[in-house]
Amino acid sequence: MGIATLGILGITHIKKDFGKQTGILFSFLSLFLPVMLNYALEIRMYSWTVTFVTLMMVYLNRFIKQKNFKNLAFFGIFSIVSCYMHYYALITAGIVNLGLIIYVIRKRKNFENNIIKKFIIVEVMQVLLYLPWLFYFIPQALRVKDGFWITIKFPQILIDIINFQFKGSLEEIVPTLVACILYIYIIYIIIKNKQDIKEAIIPFAIYIIVIVIVALASIVSPILYARYLFTITGLIIFTFSYFISKENNKLIIGIICGVIITLSIMNLIANVEENYDSSNQEVINYLKNNLQNDDIIMYSDINNGGVIATLIDTNKQYFLNLENWTIEEAYKAYSPIMNVVNTIEDAKKEAKGRIVLIDTDDLKLYNKMKDEEQYKNIDIKRFESKFKNYIYQIVILEK
């Protein structure tokens with residue numbers, strides 16, 4: 001629904017503000033860039049965040065041009081909603097609001113006093129409305145400062161940032177090549193067109209500034225991650241759409257769209273193969289055929305464990321939060337089948353029969369338990385799944 005809404009914005013809001021061709025291209029890229037399919041399939045915050053951030057930018061542009069309260073109010077609403085959706089969106093909203101404050105101060109003679117007063121109220125209201133989240137933001141920031149799961153490797157992170165919107169589930173060589181050619185083409189269009197292009201440069205500049213800010217923050221703790229850029233992908237889609245629409249040669253536009261469609265179809269095929277491959281069902285069939293009524297299931301990796309929690313509902317399951325992440329509230333989505341515990345002992349309290357471990361390729365969880373005299377290993381089965389390339393090491397322990 002989020003991605004569909006983003007696509008609709010092209011033929012409604014973007015078309016109205018920037019012309020038919022820019023609007024159609026925006027809708028086209030919103031629906032057919034390979035990355036859009038991947039996050040349309042995930043029930044997460046990403047698809048709605050990119051839509052709200054884009055709407056924030058739409059009403060920012062309308063407010064600057066029309067200077068009325070309606071557009072200011074919508075800007076404020078989508079700005080604060082974006083802040084609550086994702087921290088990259090928070091950074092974006094912060095940059096945008098700071099820039100707008102500076103703009104209003106510098107151009108205050110062009111604004112009616114009534115609008116300036118309402119603008120101050122909207123800005124103050126945003127701050128007040130975000131204050132409740134500071135009780136969560138500050139502890140999270142302190143925890144991340146001491147360590148986070150993201151690791152940054154050069155030059156891979158630069159490649160990921162360049163090809164992110166074009167890659168999806170594809171191998172990176174072709175998407176990276178296409179991305180580089182398109183970026184070079186956009187630069188060519190910018191140089192070629194002498195007219196005012198500030199309205200398209202600003203969103204692209206904000207996109208780059210967010211990356212720079214996050215990169216600087218990553219000196220303290222790594223938080224620069226290509227996937228998070230999806231939240232602000234509407235900015236880059238608009239930039240592409242705006243400058244491609246300036247091309248007078250329809251053949252070139254057709255070639256660009258044709259290449260995007262080709263990548264999109266390739267990505268669709270890759271997703272279908274990944275999600276519906278027969279290997280995905282092998283571990284599920286094995287468990288259904290071998291689980292006994294009193295068996296409990298344990299895992300410390302939510303990736304392969306989450307699949308089991310979703311598809312096996314006959315036995316009690318325990319996620320071992322060995323790293324003590326604050327995920328209890330989020331993982332209630334897997335209840336009542338799955339419980340979150342912090343130690344192996346907490347999970348074993350409920351064990352009346354066998355323990356079935358859903359382990360990873362390195363048998364990390366089994367290695368923590370194999371020396372316990374209370375249980376002995378009676379079987380280990382290894383499964384390779386096409387879905388996310390997950391590895392399942394199924395270890396059955398018996399008293």
# chains A, B, ... in the order shown; residues from 1 in each chain; ligands from 1

$ select_by_dssp --residues "stretch 194-339 of chain A" --states "strand (DSSP E)" --output "list in words"
Ile296, Ile297, Met298, Tyr299, Gln317, Tyr318, Phe319, Leu320, Met338 and Asn339 of chain A

$ residues_around --residues "A:Cys257" --least-positions-apart "2" --cutoff "10 Å" --atoms "only C-alpha atoms" --output "PyMOL selection string"
chain A and resi 25+28-29+32-33+251-255+259-263

$ residues_around --residues "A:Met36" --least-positions-apart "5" --cutoff "8 Å" --atoms "only C-alpha atoms" --output "MDAnalysis selection string"
chainID A and resid 3 30:31 165 168

$ write_last_selection --atoms "C-alpha atoms" --output "compact mmCIF listing (two decimals), in the first residue's frame"
# COMPACT_ATOMS: atom_id res chain seq x y z
CA ILE A 3 4.59 1.79 -2.54
CA SER A 30 8.32 4.39 -7.96
CA LEU A 31 6.77 1.18 -9.24
CA GLN A 165 17.83 1.61 -6.02
CA GLY A 168 16.97 -5.40 -5.57

$ closest_residue --among "A:Ser27, A:Asn280, A:Ser169, A:Asn321" --to "A:Tyr39" --atoms "only C-alpha atoms"
A:Ser169

$ select_by_dssp --residues "stretch 57-301 of chain A" --states "alpha helix (DSSP H)" --output "MDAnalysis selection string"
chainID A and resid 57:66 69:85 87:106 113:130 134:145 156:167 173:192 198:217 233:244 250:276 279:290

$ decode --residues "stretch 163-252 of chain A" --atoms "C-alpha atoms" --output "CSV table (one decimal), in the first residue's frame"
chain,number,residue,atom,x,y,z
A,163,ASN,CA,23.5,0.7,-6.9
A,164,PHE,CA,20.9,0.5,-4.1
A,165,GLN,CA,17.8,1.6,-6.0
A,166,PHE,CA,18.8,-0.6,-9.0
A,167,LYS,CA,19.9,-3.8,-7.4
A,168,GLY,CA,17.0,-5.4,-5.6
A,169,SER,CA,17.9,-9.1,-5.5
A,170,LEU,CA,20.2,-9.0,-8.5
A,171,GLU,CA,23.9,-9.5,-8.6
A,172,GLU,CA,25.5,-6.1,-8.3
A,173,ILE,CA,27.6,-5.8,-11.5
A,174,VAL,CA,24.8,-4.9,-14.0
A,175,PRO,CA,22.8,-2.6,-11.5
A,176,THR,CA,26.0,-0.8,-10.5
A,177,LEU,CA,26.9,-0.2,-14.2
A,178,VAL,CA,23.4,1.1,-15.0
A,179,ALA,CA,23.4,3.3,-11.9
A,180,CYS,CA,26.7,4.9,-12.8
A,181,ILE,CA,25.6,5.6,-16.4
A,182,LEU,CA,22.4,7.1,-15.2
A,183,TYR,CA,24.2,9.3,-12.6
A,184,ILE,CA,26.6,10.5,-15.3
A,185,TYR,CA,23.7,11.2,-17.6
A,186,ILE,CA,21.9,13.2,-14.9
A,187,ILE,CA,25.1,15.3,-14.4
A,188,TYR,CA,25.2,15.8,-18.2
A,189,ILE,CA,21.5,17.1,-18.2
A,190,ILE,CA,22.3,19.4,-15.3
A,191,ILE,CA,25.2,20.9,-17.2
A,192,LYS,CA,23.3,21.0,-20.4
A,193,ASN,CA,20.2,22.8,-19.0
A,194,LYS,CA,21.0,26.4,-18.1
A,195,GLN,CA,17.6,27.2,-16.7
A,196,ASP,CA,16.8,27.3,-13.0
A,197,ILE,CA,17.0,23.7,-11.7
A,198,LYS,CA,17.2,24.5,-8.0
A,199,GLU,CA,13.9,22.7,-7.2
A,200,ALA,CA,15.4,19.4,-8.3
A,201,ILE,CA,18.9,20.0,-7.0
A,202,ILE,CA,17.6,20.6,-3.4
A,203,PRO,CA,16.1,17.1,-2.9
A,204,PHE,CA,19.3,15.5,-4.3
A,205,ALA,CA,21.5,17.7,-2.1
A,206,ILE,CA,19.4,16.7,1.0
A,207,TYR,CA,19.9,13.0,0.0
A,208,ILE,CA,23.6,13.5,-0.1
A,209,ILE,CA,23.7,15.5,3.1
A,210,VAL,CA,21.9,12.7,4.9
A,211,ILE,CA,24.5,10.3,3.7
A,212,VAL,CA,27.3,12.6,4.8
A,213,ILE,CA,25.8,13.1,8.3
A,214,VAL,CA,25.3,9.4,8.8
A,215,ALA,CA,28.8,8.7,7.6
A,216,LEU,CA,30.2,11.1,10.1
A,217,ALA,CA,28.1,9.6,12.9
A,218,SER,CA,29.5,6.2,11.9
A,219,ILE,CA,32.9,7.3,13.1
A,220,VAL,CA,31.5,6.8,16.6
A,221,SER,CA,29.3,3.8,15.8
A,222,PRO,CA,28.5,2.4,12.3
A,223,ILE,CA,25.0,3.3,11.3
A,224,LEU,CA,25.6,3.9,7.5
A,225,TYR,CA,23.6,1.2,5.8
A,226,ALA,CA,22.3,1.2,2.2
A,227,ARG,CA,18.9,-0.4,3.2
A,228,TYR,CA,18.1,2.6,5.4
A,229,LEU,CA,18.4,4.9,2.3
A,230,PHE,CA,15.1,3.4,1.1
A,231,THR,CA,13.4,5.8,3.5
A,232,ILE,CA,14.5,8.8,1.5
A,233,THR,CA,14.5,7.1,-2.0
A,234,GLY,CA,11.6,9.4,-3.0
A,235,LEU,CA,14.2,12.3,-3.2
A,236,ILE,CA,16.4,10.4,-5.6
A,237,ILE,CA,13.4,9.2,-7.7
A,238,PHE,CA,12.2,12.8,-8.0
A,239,THR,CA,15.7,13.9,-9.1
A,240,PHE,CA,15.8,11.2,-11.8
A,241,SER,CA,12.3,12.0,-13.0
A,242,TYR,CA,12.9,15.8,-13.1
A,243,PHE,CA,16.1,15.7,-15.1
A,244,ILE,CA,15.1,12.8,-17.4
A,245,SER,CA,11.9,14.8,-18.3
A,246,LYS,CA,14.2,17.6,-19.6
A,247,GLU,CA,15.5,15.2,-22.3
A,248,ASN,CA,14.1,16.2,-25.7
A,249,ASN,CA,15.0,12.9,-27.4
A,250,LYS,CA,12.2,10.5,-26.7
A,251,LEU,CA,14.3,7.6,-27.8
A,252,ILE,CA,16.7,8.2,-24.9
